[in-house]
file start.cif (mmCIF, N, CA, C and O atoms)
data_my_file
loop_
_atom_site.label_atom_id
_atom_site.label_comp_id
_atom_site.auth_asym_id
_atom_site.auth_seq_id
_atom_site.Cartn_x
_atom_site.Cartn_y
_atom_site.Cartn_z
N MET A 72 5.39 21.56 -13.78
CA MET A 72 5.16 20.58 -12.73
C MET A 72 6.35 20.62 -11.77
O MET A 72 7.49 20.55 -12.18
N SER A 73 6.05 20.69 -10.47
CA SER A 73 7.12 20.71 -9.46
C SER A 73 7.73 19.32 -9.33
O SER A 73 7.14 18.31 -9.75
N ARG A 74 8.90 19.27 -8.72
CA ARG A 74 9.54 17.98 -8.50
C ARG A 74 8.69 17.09 -7.60
O ARG A 74 8.62 15.88 -7.81
N THR A 75 8.06 17.68 -6.61
CA THR A 75 7.20 16.90 -5.72
C THR A 75 6.02 16.33 -6.49
O THR A 75 5.69 15.14 -6.36
N ALA A 76 5.38 17.14 -7.32
CA ALA A 76 4.25 16.65 -8.12
C ALA A 76 4.72 15.55 -9.07
O ALA A 76 4.03 14.54 -9.27
N PHE A 77 5.91 15.74 -9.65
CA PHE A 77 6.49 14.73 -10.53
C PHE A 77 6.73 13.43 -9.75
O PHE A 77 6.36 12.34 -10.20
N GLY A 78 7.32 13.55 -8.57
CA GLY A 78 7.58 12.38 -7.74
C GLY A 78 6.31 11.66 -7.36
O GLY A 78 6.23 10.42 -7.39
N GLN A 79 5.27 12.41 -7.02
CA GLN A 79 4.01 11.79 -6.64
C GLN A 79 3.34 11.11 -7.84
O GLN A 79 2.71 10.06 -7.69
N GLU A 80 3.46 11.68 -9.01
CA GLU A 80 2.92 11.03 -10.22
C GLU A 80 3.64 9.72 -10.49
O GLU A 80 3.01 8.71 -10.82
N LEU A 81 4.97 9.72 -10.33
CA LEU A 81 5.72 8.47 -10.51
C LEU A 81 5.30 7.45 -9.46
O LEU A 81 5.15 6.26 -9.76
N ALA A 82 5.10 7.90 -8.22
CA ALA A 82 4.68 6.99 -7.16
C ALA A 82 3.32 6.38 -7.48
O ALA A 82 3.10 5.19 -7.27
N ARG A 83 2.39 7.17 -8.00
CA ARG A 83 1.08 6.65 -8.39
C ARG A 83 1.22 5.58 -9.47
O ARG A 83 0.59 4.52 -9.40
N ARG A 84 2.04 5.86 -10.46
CA ARG A 84 2.23 4.90 -11.56
C ARG A 84 2.95 3.63 -11.07
O ARG A 84 2.63 2.52 -11.51
N LEU A 85 3.90 3.79 -10.18
CA LEU A 85 4.61 2.64 -9.62
C LEU A 85 3.64 1.78 -8.82
O LEU A 85 3.60 0.55 -8.97
N TYR A 86 2.82 2.40 -7.98
CA TYR A 86 1.83 1.67 -7.20
C TYR A 86 0.88 0.92 -8.15
O TYR A 86 0.56 -0.25 -7.92
N SER A 87 0.46 1.56 -9.20
CA SER A 87 -0.44 0.93 -10.17
C SER A 87 0.23 -0.28 -10.83
O SER A 87 -0.40 -1.33 -11.02
N THR A 88 1.50 -0.15 -11.16
CA THR A 88 2.25 -1.26 -11.76
C THR A 88 2.38 -2.42 -10.79
O THR A 88 2.15 -3.59 -11.15
N GLU A 89 2.72 -2.11 -9.54
CA GLU A 89 2.83 -3.16 -8.53
C GLU A 89 1.49 -3.87 -8.33
O GLU A 89 1.42 -5.10 -8.23
N HIS A 90 0.43 -3.09 -8.27
CA HIS A 90 -0.91 -3.66 -8.09
C HIS A 90 -1.28 -4.56 -9.27
O HIS A 90 -1.85 -5.65 -9.07
N ALA A 91 -0.98 -4.14 -10.49
CA ALA A 91 -1.30 -4.94 -11.67
C ALA A 91 -0.56 -6.27 -11.66
O ALA A 91 -1.15 -7.32 -12.00
N LEU A 92 0.70 -6.26 -11.24
CA LEU A 92 1.45 -7.51 -11.18
C LEU A 92 0.89 -8.42 -10.09
O LEU A 92 0.77 -9.64 -10.30
N ASP A 93 0.55 -7.86 -8.94
CA ASP A 93 -0.07 -8.66 -7.88
C ASP A 93 -1.39 -9.25 -8.36
O ASP A 93 -1.69 -10.42 -8.10
N GLN A 94 -2.17 -8.45 -9.06
CA GLN A 94 -3.46 -8.92 -9.58
C GLN A 94 -3.26 -10.05 -10.59
O GLN A 94 -3.99 -11.04 -10.57
N ALA A 95 -2.26 -9.91 -11.45
CA ALA A 95 -1.97 -10.95 -12.44
C ALA A 95 -1.59 -12.26 -11.74
O ALA A 95 -2.06 -13.34 -12.13
N LEU A 96 -0.75 -12.18 -10.71
CA LEU A 96 -0.37 -13.38 -9.97
C LEU A 96 -1.57 -14.01 -9.27
O LEU A 96 -1.74 -15.23 -9.26
N SER A 97 -2.40 -13.17 -8.69
CA SER A 97 -3.58 -13.67 -8.00
C SER A 97 -4.54 -14.38 -8.96
O SER A 97 -5.03 -15.48 -8.67
N GLU A 98 -4.78 -13.77 -10.11
CA GLU A 98 -5.67 -14.39 -11.10
C GLU A 98 -5.10 -15.71 -11.61
O GLU A 98 -5.83 -16.70 -11.76
N ALA A 99 -3.79 -15.73 -11.86
CA ALA A 99 -3.16 -16.96 -12.35
C ALA A 99 -3.22 -18.06 -11.29
O ALA A 99 -3.46 -19.23 -11.61
N ALA A 100 -3.02 -17.69 -10.03
CA ALA A 100 -3.10 -18.67 -8.95
C ALA A 100 -4.51 -19.25 -8.84
O ALA A 100 -4.68 -20.46 -8.63
N GLN A 101 -5.50 -18.40 -9.01
CA GLN A 101 -6.88 -18.88 -8.98
C GLN A 101 -7.18 -19.80 -10.17
O GLN A 101 -7.92 -20.77 -10.03
N LEU A 102 -6.59 -19.48 -11.32
CA LEU A 102 -6.74 -20.34 -12.49
C LEU A 102 -6.14 -21.72 -12.21
O LEU A 102 -6.76 -22.75 -12.49
N VAL A 103 -4.93 -21.75 -11.67
CA VAL A 103 -4.27 -23.02 -11.35
C VAL A 103 -5.12 -23.81 -10.35
O VAL A 103 -5.32 -25.02 -10.51
N ALA A 104 -5.61 -23.13 -9.33
CA ALA A 104 -6.44 -23.81 -8.34
C ALA A 104 -7.70 -24.39 -8.99
O ALA A 104 -8.09 -25.53 -8.70
N SER A 105 -8.33 -23.62 -9.87
CA SER A 105 -9.53 -24.11 -10.56
C SER A 105 -9.22 -25.29 -11.46
O SER A 105 -9.99 -26.26 -11.53
N MET A 106 -8.09 -25.21 -12.16
CA MET A 106 -7.71 -26.31 -13.05
C MET A 106 -7.50 -27.61 -12.27
O MET A 106 -8.01 -28.66 -12.66
N THR A 107 -6.77 -27.53 -11.17
CA THR A 107 -6.44 -28.75 -10.44
C THR A 107 -7.63 -29.27 -9.64
O THR A 107 -7.90 -30.47 -9.64
N THR A 108 -8.35 -28.38 -8.99
CA THR A 108 -9.53 -28.81 -8.23
C THR A 108 -10.60 -29.37 -9.16
O THR A 108 -11.21 -30.41 -8.87
N GLY A 109 -10.82 -28.69 -10.27
CA GLY A 109 -11.82 -29.14 -11.24
C GLY A 109 -11.48 -30.49 -11.82
O GLY A 109 -12.36 -31.35 -12.01
N ARG A 110 -10.20 -30.70 -12.08
CA ARG A 110 -9.76 -32.00 -12.61
C ARG A 110 -10.05 -33.10 -11.62
O ARG A 110 -10.63 -34.14 -11.96
N VAL A 111 -9.70 -32.87 -10.36
CA VAL A 111 -9.93 -33.89 -9.32
C VAL A 111 -11.42 -34.11 -9.11
O VAL A 111 -11.89 -35.25 -9.08
N ASP A 112 -12.16 -33.01 -8.96
CA ASP A 112 -13.61 -33.12 -8.71
C ASP A 112 -14.34 -33.84 -9.84
O ASP A 112 -15.34 -34.52 -9.60
N ASN A 113 -13.86 -33.67 -11.07
CA ASN A 113 -14.52 -34.28 -12.22
C ASN A 113 -13.87 -35.59 -12.65
O ASN A 113 -14.19 -36.12 -13.71
N ARG A 114 -12.93 -36.08 -11.82
CA ARG A 114 -12.27 -37.36 -12.06
C ARG A 114 -11.66 -37.42 -13.46
O ARG A 114 -11.84 -38.38 -14.21
N ILE A 115 -10.93 -36.36 -13.81
CA ILE A 115 -10.24 -36.28 -15.10
C ILE A 115 -8.78 -36.67 -14.87
O ILE A 115 -8.17 -36.26 -13.88
N SER A 116 -8.24 -37.42 -15.78
CA SER A 116 -6.85 -37.88 -15.67
C SER A 116 -5.89 -36.70 -15.51
O SER A 116 -6.07 -35.64 -16.11
N ALA A 117 -4.87 -36.91 -14.71
CA ALA A 117 -3.85 -35.89 -14.50
C ALA A 117 -3.10 -35.55 -15.78
O ALA A 117 -2.52 -34.47 -15.91
N VAL A 118 -3.12 -36.43 -16.74
CA VAL A 118 -2.45 -36.20 -18.02
C VAL A 118 -3.14 -35.07 -18.79
O VAL A 118 -2.47 -34.25 -19.44
N VAL A 119 -4.44 -34.99 -18.65
CA VAL A 119 -5.21 -33.98 -19.37
C VAL A 119 -4.91 -32.60 -18.77
O VAL A 119 -5.04 -32.39 -17.58
N GLY A 120 -4.49 -31.71 -19.62
CA GLY A 120 -4.24 -30.33 -19.19
C GLY A 120 -2.88 -30.08 -18.58
O GLY A 120 -2.58 -28.96 -18.16
N GLN A 121 -2.03 -31.12 -18.50
CA GLN A 121 -0.71 -30.94 -17.87
C GLN A 121 0.13 -29.90 -18.60
O GLN A 121 0.76 -29.07 -17.97
N ASP A 122 0.15 -29.94 -19.93
CA ASP A 122 0.95 -28.96 -20.68
C ASP A 122 0.45 -27.54 -20.42
O ASP A 122 1.25 -26.62 -20.23
N ALA A 123 -0.86 -27.37 -20.40
CA ALA A 123 -1.42 -26.04 -20.13
C ALA A 123 -1.06 -25.59 -18.73
O ALA A 123 -0.70 -24.42 -18.51
N LEU A 124 -1.16 -26.50 -17.76
CA LEU A 124 -0.81 -26.16 -16.38
C LEU A 124 0.65 -25.73 -16.28
O LEU A 124 0.97 -24.71 -15.64
N GLU A 125 1.55 -26.44 -16.94
CA GLU A 125 2.96 -26.09 -16.93
C GLU A 125 3.18 -24.70 -17.53
O GLU A 125 4.00 -23.92 -17.03
N ASN A 126 2.47 -24.38 -18.59
CA ASN A 126 2.60 -23.06 -19.21
C ASN A 126 2.10 -21.95 -18.30
O ASN A 126 2.71 -20.88 -18.22
N ILE A 127 1.00 -22.19 -17.60
CA ILE A 127 0.49 -21.18 -16.66
C ILE A 127 1.49 -20.98 -15.53
O ILE A 127 1.78 -19.84 -15.13
N LEU A 128 2.04 -22.07 -15.00
CA LEU A 128 3.02 -21.97 -13.92
C LEU A 128 4.28 -21.24 -14.39
O LEU A 128 4.86 -20.44 -13.65
N ALA A 129 4.70 -21.48 -15.62
CA ALA A 129 5.86 -20.78 -16.17
C ALA A 129 5.57 -19.29 -16.30
O ALA A 129 6.41 -18.44 -16.00
N ALA A 130 4.36 -18.97 -16.74
CA ALA A 130 3.97 -17.57 -16.85
C ALA A 130 3.96 -16.91 -15.48
O ALA A 130 4.40 -15.76 -15.32
N MET A 131 3.49 -17.63 -14.47
CA MET A 131 3.49 -17.08 -13.11
C MET A 131 4.91 -16.80 -12.64
O MET A 131 5.18 -15.78 -11.98
N SER A 132 5.82 -17.68 -12.97
CA SER A 132 7.22 -17.48 -12.60
C SER A 132 7.78 -16.22 -13.26
O SER A 132 8.49 -15.43 -12.63
N THR A 133 7.43 -16.01 -14.51
CA THR A 133 7.88 -14.83 -15.23
C THR A 133 7.29 -13.56 -14.62
O THR A 133 7.99 -12.56 -14.43
N VAL A 134 6.00 -13.61 -14.29
CA VAL A 134 5.37 -12.45 -13.65
C VAL A 134 6.00 -12.20 -12.27
O VAL A 134 6.22 -11.06 -11.88
N GLY A 135 6.30 -13.28 -11.55
CA GLY A 135 6.97 -13.14 -10.26
C GLY A 135 8.34 -12.47 -10.39
O GLY A 135 8.71 -11.62 -9.57
N ALA A 136 9.07 -12.82 -11.43
CA ALA A 136 10.37 -12.19 -11.67
C ALA A 136 10.18 -10.72 -12.05
O ALA A 136 10.96 -9.85 -11.62
N ALA A 137 9.15 -10.41 -12.82
CA ALA A 137 8.86 -9.02 -13.17
C ALA A 137 8.51 -8.23 -11.90
O ALA A 137 8.94 -7.08 -11.72
N ARG A 138 7.74 -8.83 -11.01
CA ARG A 138 7.38 -8.17 -9.76
C ARG A 138 8.64 -7.87 -8.93
O ARG A 138 8.78 -6.79 -8.36
N ALA A 139 9.56 -8.83 -8.87
CA ALA A 139 10.81 -8.63 -8.14
C ALA A 139 11.60 -7.46 -8.73
O ALA A 139 12.18 -6.65 -8.00
N ALA A 140 11.62 -7.36 -10.05
CA ALA A 140 12.33 -6.27 -10.70
C ALA A 140 11.67 -4.92 -10.39
O ALA A 140 12.36 -3.91 -10.17
N VAL A 141 10.35 -4.89 -10.36
CA VAL A 141 9.64 -3.65 -10.04
C VAL A 141 9.88 -3.25 -8.58
O VAL A 141 10.07 -2.07 -8.28
N VAL A 142 9.90 -4.23 -7.68
CA VAL A 142 10.21 -3.94 -6.27
C VAL A 142 11.62 -3.37 -6.14
O VAL A 142 11.85 -2.40 -5.40
N ALA A 143 12.56 -3.94 -6.86
CA ALA A 143 13.93 -3.41 -6.85
C ALA A 143 13.95 -1.98 -7.39
O ALA A 143 14.63 -1.10 -6.83
N ALA A 144 13.21 -1.73 -8.46
CA ALA A 144 13.12 -0.37 -9.02
C ALA A 144 12.49 0.58 -8.01
O ALA A 144 12.91 1.75 -7.89
N HIS A 145 11.51 0.11 -7.25
CA HIS A 145 10.85 0.91 -6.22
C HIS A 145 11.90 1.43 -5.23
O HIS A 145 11.93 2.62 -4.91
N HIS A 146 12.76 0.53 -4.77
CA HIS A 146 13.80 0.92 -3.82
C HIS A 146 14.80 1.89 -4.45
O HIS A 146 15.26 2.83 -3.81
N GLN A 147 15.12 1.66 -5.72
CA GLN A 147 16.03 2.57 -6.42
C GLN A 147 15.41 3.96 -6.56
O GLN A 147 16.07 4.98 -6.36
N MET A 148 14.13 4.00 -6.91
CA MET A 148 13.43 5.28 -7.07
C MET A 148 13.34 6.02 -5.74
O MET A 148 13.51 7.24 -5.67
N LYS A 149 13.09 5.27 -4.65
CA LYS A 149 13.03 5.89 -3.33
C LYS A 149 14.37 6.50 -2.97
O LYS A 149 14.44 7.62 -2.46
N ALA A 150 15.44 5.77 -3.23
CA ALA A 150 16.78 6.29 -2.93
C ALA A 150 17.07 7.56 -3.73
O ALA A 150 17.61 8.54 -3.20
N ASP A 151 16.71 7.56 -5.00
CA ASP A 151 16.90 8.75 -5.84
C ASP A 151 16.08 9.92 -5.32
O ASP A 151 16.57 11.05 -5.23
N ALA A 152 14.82 9.66 -4.96
CA ALA A 152 13.95 10.72 -4.45
C ALA A 152 14.50 11.28 -3.13
O ALA A 152 14.54 12.50 -2.94
N ASP A 153 14.95 10.40 -2.25
CA ASP A 153 15.54 10.85 -0.99
C ASP A 153 16.77 11.70 -1.23
O ASP A 153 16.94 12.75 -0.61
N ARG A 154 17.62 11.26 -2.14
CA ARG A 154 18.86 11.99 -2.43
C ARG A 154 18.57 13.38 -3.01
O ARG A 154 19.25 14.34 -2.72
N MET A 155 17.50 13.46 -3.81
CA MET A 155 17.14 14.74 -4.43
C MET A 155 16.13 15.55 -3.59
O MET A 155 15.67 16.60 -4.01
N ARG A 156 15.79 15.00 -2.41
CA ARG A 156 14.83 15.65 -1.51
C ARG A 156 13.46 15.87 -2.19
O ARG A 156 12.86 16.93 -2.06
N ILE A 157 13.03 14.86 -2.90
CA ILE A 157 11.72 14.89 -3.54
C ILE A 157 10.77 14.05 -2.68
O ILE A 157 11.03 12.88 -2.42
N ASP A 158 9.68 14.67 -2.25
CA ASP A 158 8.68 13.95 -1.47
C ASP A 158 7.76 13.24 -2.44
O ASP A 158 6.93 13.85 -3.09
N TRP A 159 7.90 11.93 -2.54
CA TRP A 159 7.13 11.18 -3.52
C TRP A 159 6.18 10.18 -2.88
O TRP A 159 5.57 9.37 -3.52
N ARG A 160 6.04 10.28 -1.57
CA ARG A 160 5.19 9.35 -0.84
C ARG A 160 3.72 9.58 -1.15
O ARG A 160 3.28 10.70 -1.37
N LEU A 161 2.98 8.50 -1.10
CA LEU A 161 1.53 8.55 -1.25
C LEU A 161 0.91 7.91 -0.02
O LEU A 161 1.54 7.11 0.65
N ALA A 162 -0.30 8.24 0.25
CA ALA A 162 -1.01 7.60 1.36
C ALA A 162 -1.67 6.34 0.80
O ALA A 162 -2.78 6.37 0.31
N GLY A 163 -0.94 5.25 0.81
CA GLY A 163 -1.45 4.00 0.26
C GLY A 163 -2.04 3.12 1.34
O GLY A 163 -1.87 3.37 2.52
N PRO A 164 -2.71 2.05 0.94
CA PRO A 164 -3.36 1.17 1.91
C PRO A 164 -2.40 0.24 2.64
O PRO A 164 -2.72 -0.26 3.69
N GLU A 165 -1.21 0.04 2.10
CA GLU A 165 -0.29 -0.90 2.70
C GLU A 165 0.64 -0.20 3.68
O GLU A 165 1.11 0.91 3.44
N ALA A 166 0.90 -0.87 4.79
CA ALA A 166 1.89 -0.37 5.75
C ALA A 166 3.26 -0.79 5.27
O ALA A 166 3.45 -1.92 4.82
N LYS A 167 4.20 0.11 5.36
CA LYS A 167 5.58 -0.21 4.98
C LYS A 167 6.24 -0.94 6.14
O LYS A 167 5.97 -0.65 7.29
N PRO A 168 7.13 -1.87 5.83
CA PRO A 168 7.86 -2.52 6.93
C PRO A 168 8.79 -1.51 7.59
O PRO A 168 9.22 -0.55 6.96
N GLU A 169 9.04 -1.73 8.88
CA GLU A 169 9.93 -0.81 9.61
C GLU A 169 11.29 -0.75 8.93
O GLU A 169 11.89 0.29 8.83
N ASP A 170 11.76 -1.90 8.49
CA ASP A 170 13.06 -1.98 7.83
C ASP A 170 12.81 -1.95 6.33
O ASP A 170 12.68 -2.97 5.69
N ASP A 171 12.72 -0.75 5.77
CA ASP A 171 12.39 -0.58 4.35
C ASP A 171 13.64 -0.28 3.54
O ASP A 171 13.67 0.60 2.71
N ARG A 172 14.69 -1.04 3.84
CA ARG A 172 15.94 -0.85 3.11
C ARG A 172 15.83 -1.43 1.71
O ARG A 172 15.07 -2.36 1.48
N PRO A 173 16.63 -0.90 0.80
CA PRO A 173 16.65 -1.48 -0.55
C PRO A 173 17.06 -2.95 -0.50
O PRO A 173 17.88 -3.35 0.30
N ILE A 174 16.45 -3.73 -1.35
CA ILE A 174 16.76 -5.14 -1.47
C ILE A 174 17.63 -5.32 -2.70
O ILE A 174 17.32 -4.82 -3.77
N ARG A 175 18.69 -6.03 -2.55
CA ARG A 175 19.57 -6.30 -3.69
C ARG A 175 19.05 -7.53 -4.40
O ARG A 175 19.30 -8.65 -4.01
N THR A 176 18.27 -7.32 -5.43
CA THR A 176 17.67 -8.43 -6.18
C THR A 176 18.00 -8.26 -7.65
O THR A 176 17.88 -7.17 -8.19
N ILE A 177 18.41 -9.33 -8.25
CA ILE A 177 18.62 -9.32 -9.69
C ILE A 177 17.59 -10.28 -10.27
O ILE A 177 17.64 -11.48 -10.03
N ALA A 178 16.63 -9.72 -10.96
CA ALA A 178 15.57 -10.54 -11.56
C ALA A 178 15.95 -10.84 -13.00
O ALA A 178 16.40 -9.98 -13.73
N ARG A 179 15.72 -12.06 -13.37
CA ARG A 179 15.97 -12.46 -14.75
C ARG A 179 14.63 -12.86 -15.36
O ARG A 179 13.95 -13.75 -14.87
N LEU A 180 14.28 -12.18 -16.42
CA LEU A 180 13.05 -12.50 -17.14
C LEU A 180 13.38 -13.40 -18.31
O LEU A 180 14.37 -13.21 -19.00
N SER A 181 12.54 -14.38 -18.51
CA SER A 181 12.75 -15.27 -19.66
C SER A 181 11.42 -15.51 -20.34
O SER A 181 10.38 -15.49 -19.69
N ALA A 182 11.48 -15.71 -21.60
CA ALA A 182 10.26 -15.94 -22.37
C ALA A 182 9.75 -17.34 -22.10
O ALA A 182 10.51 -18.28 -21.86
N VAL A 183 8.45 -17.47 -22.12
CA VAL A 183 7.83 -18.78 -21.99
C VAL A 183 7.78 -19.41 -23.36
O VAL A 183 7.24 -18.82 -24.29
N ALA A 184 8.36 -20.59 -23.47
CA ALA A 184 8.40 -21.26 -24.78
C ALA A 184 7.14 -22.01 -25.05
O ALA A 184 6.48 -22.52 -24.25
#

call {"tool": "encode", "arguments": {"input": "start.cif", "output": "structure tokens"}}
result
Amino acid sequence: MSRTAFGQELARRLYSTEHALDQALSEAAQLVASMTTGRVDNRISAVVGQDALENILAAMSTVGAARAAVVAAHHQMKADADRMRIDWRLAGPEAKPEDDRPIRTIARLSAVA
């Protein structure tokens, strides 16, 4: 496998990872919306389901931190590929921002208790 093919395979897997994290956040957000709207629409006390809601929100925070770490890794991988002259770009659906500089982010993951 050539370095370019290797780089493109990593780019495909990175894109898939980013997409999965976005999908997880989207699904969790829809769950939260359904929980809160359903509670109000059905005139259920705010006390009911509060612990579950807090756990879902904590999980979303953890997934958000994981997404931040993957974005940071994306920038690190791009810098490595550029330095090694590996063409790892894919034709993806998203437009890159003009200023696609690496972001200095330190993500901290914590377990949901």

call {"tool": "resolve_selection", "arguments": {"input": "start.cif", "expression": "the PyMOL selection byres ((chain A and resi 73-85) around 6)", "output": "list of chain:residue names"}}
result
A:Met72, A:Tyr86, A:Ser87, A:Thr88, A:Glu89, A:His90, A:Ile157, A:Asp158, A:Trp159, A:Arg160

call {"tool": "closest_residue", "arguments": {"input": "start.cif", "among": "A:Leu92, A:Ala136, A:Val141, A:Met106", "to": "A:Ala123", "atoms": "only C-alpha atoms"}}
result
A:Met106

call {"tool": "resolve_selection", "arguments": {"input": "start.cif", "expression": "the PyMOL selection byres ((chain A and resi 134) around 8)", "output": "list of chain:residue names"}}
result
A:Leu92, A:Asp93, A:Ala95, A:Leu96, A:Ile127, A:Leu128, A:Ala129, A:Ala130, A:Met131, A:Ser132, A:Thr133, A:Gly135, A:Ala136, A:Ala137, A:Arg138, A:Ala139, A:Ala140, A:Val141, A:Arg179, A:Leu180, A:Ser181

call {"tool": "select_by_dssp", "arguments": {"input": "start.cif", "residues": "stretch 112-159 of chain A", "states": "helix (DSSP H, G or I)", "output": "number ranges by chain"}}
result
A: 112, 121-154

call {"tool": "atom_distance", "arguments": {"input": "start.cif", "atom1": "atom CA of A:Asp112", "atom2": "atom CA of A:Asn126"}}
result
21.8 Å

call {"tool": "atom_distance", "arguments": {"input": "start.cif", "atom1": "atom CA of A:Asn113", "atom2": "atom CA of A:Ala100"}}
result
19.6 Å

call {"tool": "atom_distance", "arguments": {"input": "start.cif", "atom1": "atom CA of A:Glu125", "atom2": "atom CA of A:Ala143"}}
result
27.1 Å

call {"tool": "closest_residue", "arguments": {"input": "start.cif", "among": "A:Ala150, A:Ala144, A:Leu124, A:Met155", "to": "A:Val103", "atoms": "all atoms listed in the file"}}
result
A:Leu124

call {"tool": "decode", "arguments": {"input": "start.cif", "residues": "stretch 108-132 of chain A", "atoms": "N, CA and C atoms", "output": "short mmCIF file (atom, residue, chain, number, x, y, z; two decimals), in the first residue's frame"}}
result
data_model
loop_
_atom_site.label_atom_id
_atom_site.label_comp_id
_atom_site.auth_asym_id
_atom_site.auth_seq_id
_atom_site.Cartn_x
_atom_site.Cartn_y
_atom_site.Cartn_z
N THR A 108 -40.11 17.60 25.99
CA THR A 108 -41.37 17.96 25.33
C THR A 108 -42.48 17.00 25.74
N GLY A 109 -42.17 15.72 25.77
CA GLY A 109 -43.16 14.71 26.15
C GLY A 109 -43.64 14.89 27.57
N ARG A 110 -42.72 15.25 28.45
CA ARG A 110 -43.09 15.49 29.85
C ARG A 110 -44.06 16.65 29.94
N VAL A 111 -43.73 17.74 29.26
CA VAL A 111 -44.60 18.93 29.30
C VAL A 111 -45.95 18.63 28.65
N ASP A 112 -45.91 18.03 27.45
CA ASP A 112 -47.15 17.73 26.73
C ASP A 112 -48.08 16.80 27.51
N ASN A 113 -47.49 15.90 28.28
CA ASN A 113 -48.29 14.93 29.03
C ASN A 113 -48.51 15.34 30.48
N ARG A 114 -48.11 16.58 30.81
CA ARG A 114 -48.32 17.14 32.14
C ARG A 114 -47.75 16.24 33.23
N ILE A 115 -46.51 15.79 33.01
CA ILE A 115 -45.80 14.95 33.98
C ILE A 115 -44.89 15.85 34.80
N SER A 116 -44.82 15.60 36.07
CA SER A 116 -43.99 16.39 36.97
C SER A 116 -42.53 16.42 36.50
N ALA A 117 -41.90 17.56 36.69
CA ALA A 117 -40.50 17.72 36.33
C ALA A 117 -39.59 16.79 37.13
N VAL A 118 -40.05 16.34 38.27
CA VAL A 118 -39.28 15.43 39.11
C VAL A 118 -39.09 14.08 38.42
N VAL A 119 -40.11 13.67 37.69
CA VAL A 119 -40.07 12.37 37.02
C VAL A 119 -39.06 12.43 35.87
N GLY A 120 -38.12 11.52 35.90
CA GLY A 120 -37.14 11.43 34.82
C GLY A 120 -35.95 12.35 34.94
N GLN A 121 -35.89 13.16 36.01
CA GLN A 121 -34.78 14.11 36.15
C GLN A 121 -33.43 13.41 36.21
N ASP A 122 -33.33 12.32 36.97
CA ASP A 122 -32.05 11.60 37.06
C ASP A 122 -31.63 11.06 35.70
N ALA A 123 -32.58 10.51 34.97
CA ALA A 123 -32.27 9.99 33.63
C ALA A 123 -31.83 11.12 32.71
N LEU A 124 -32.52 12.25 32.78
CA LEU A 124 -32.15 13.41 31.95
C LEU A 124 -30.73 13.86 32.27
N GLU A 125 -30.39 13.94 33.54
CA GLU A 125 -29.04 14.35 33.93
C GLU A 125 -27.99 13.37 33.40
N ASN A 126 -28.29 12.09 33.42
CA ASN A 126 -27.35 11.10 32.90
C ASN A 126 -27.17 11.22 31.39
N ILE A 127 -28.25 11.48 30.67
CA ILE A 127 -28.13 11.66 29.22
C ILE A 127 -27.31 12.91 28.92
N LEU A 128 -27.56 14.00 29.65
CA LEU A 128 -26.80 15.22 29.44
C LEU A 128 -25.31 15.02 29.77
N ALA A 129 -25.02 14.25 30.81
CA ALA A 129 -23.63 13.95 31.15
C ALA A 129 -22.98 13.13 30.04
N ALA A 130 -23.72 12.19 29.50
CA ALA A 130 -23.19 11.38 28.39
C ALA A 130 -22.93 12.26 27.18
N MET A 131 -23.81 13.21 26.91
CA MET A 131 -23.59 14.13 25.79
C MET A 131 -22.32 14.95 26.00
N SER A 132 -22.09 15.37 27.22
CA SER A 132 -20.88 16.13 27.51
C SER A 132 -19.63 15.28 27.25
#
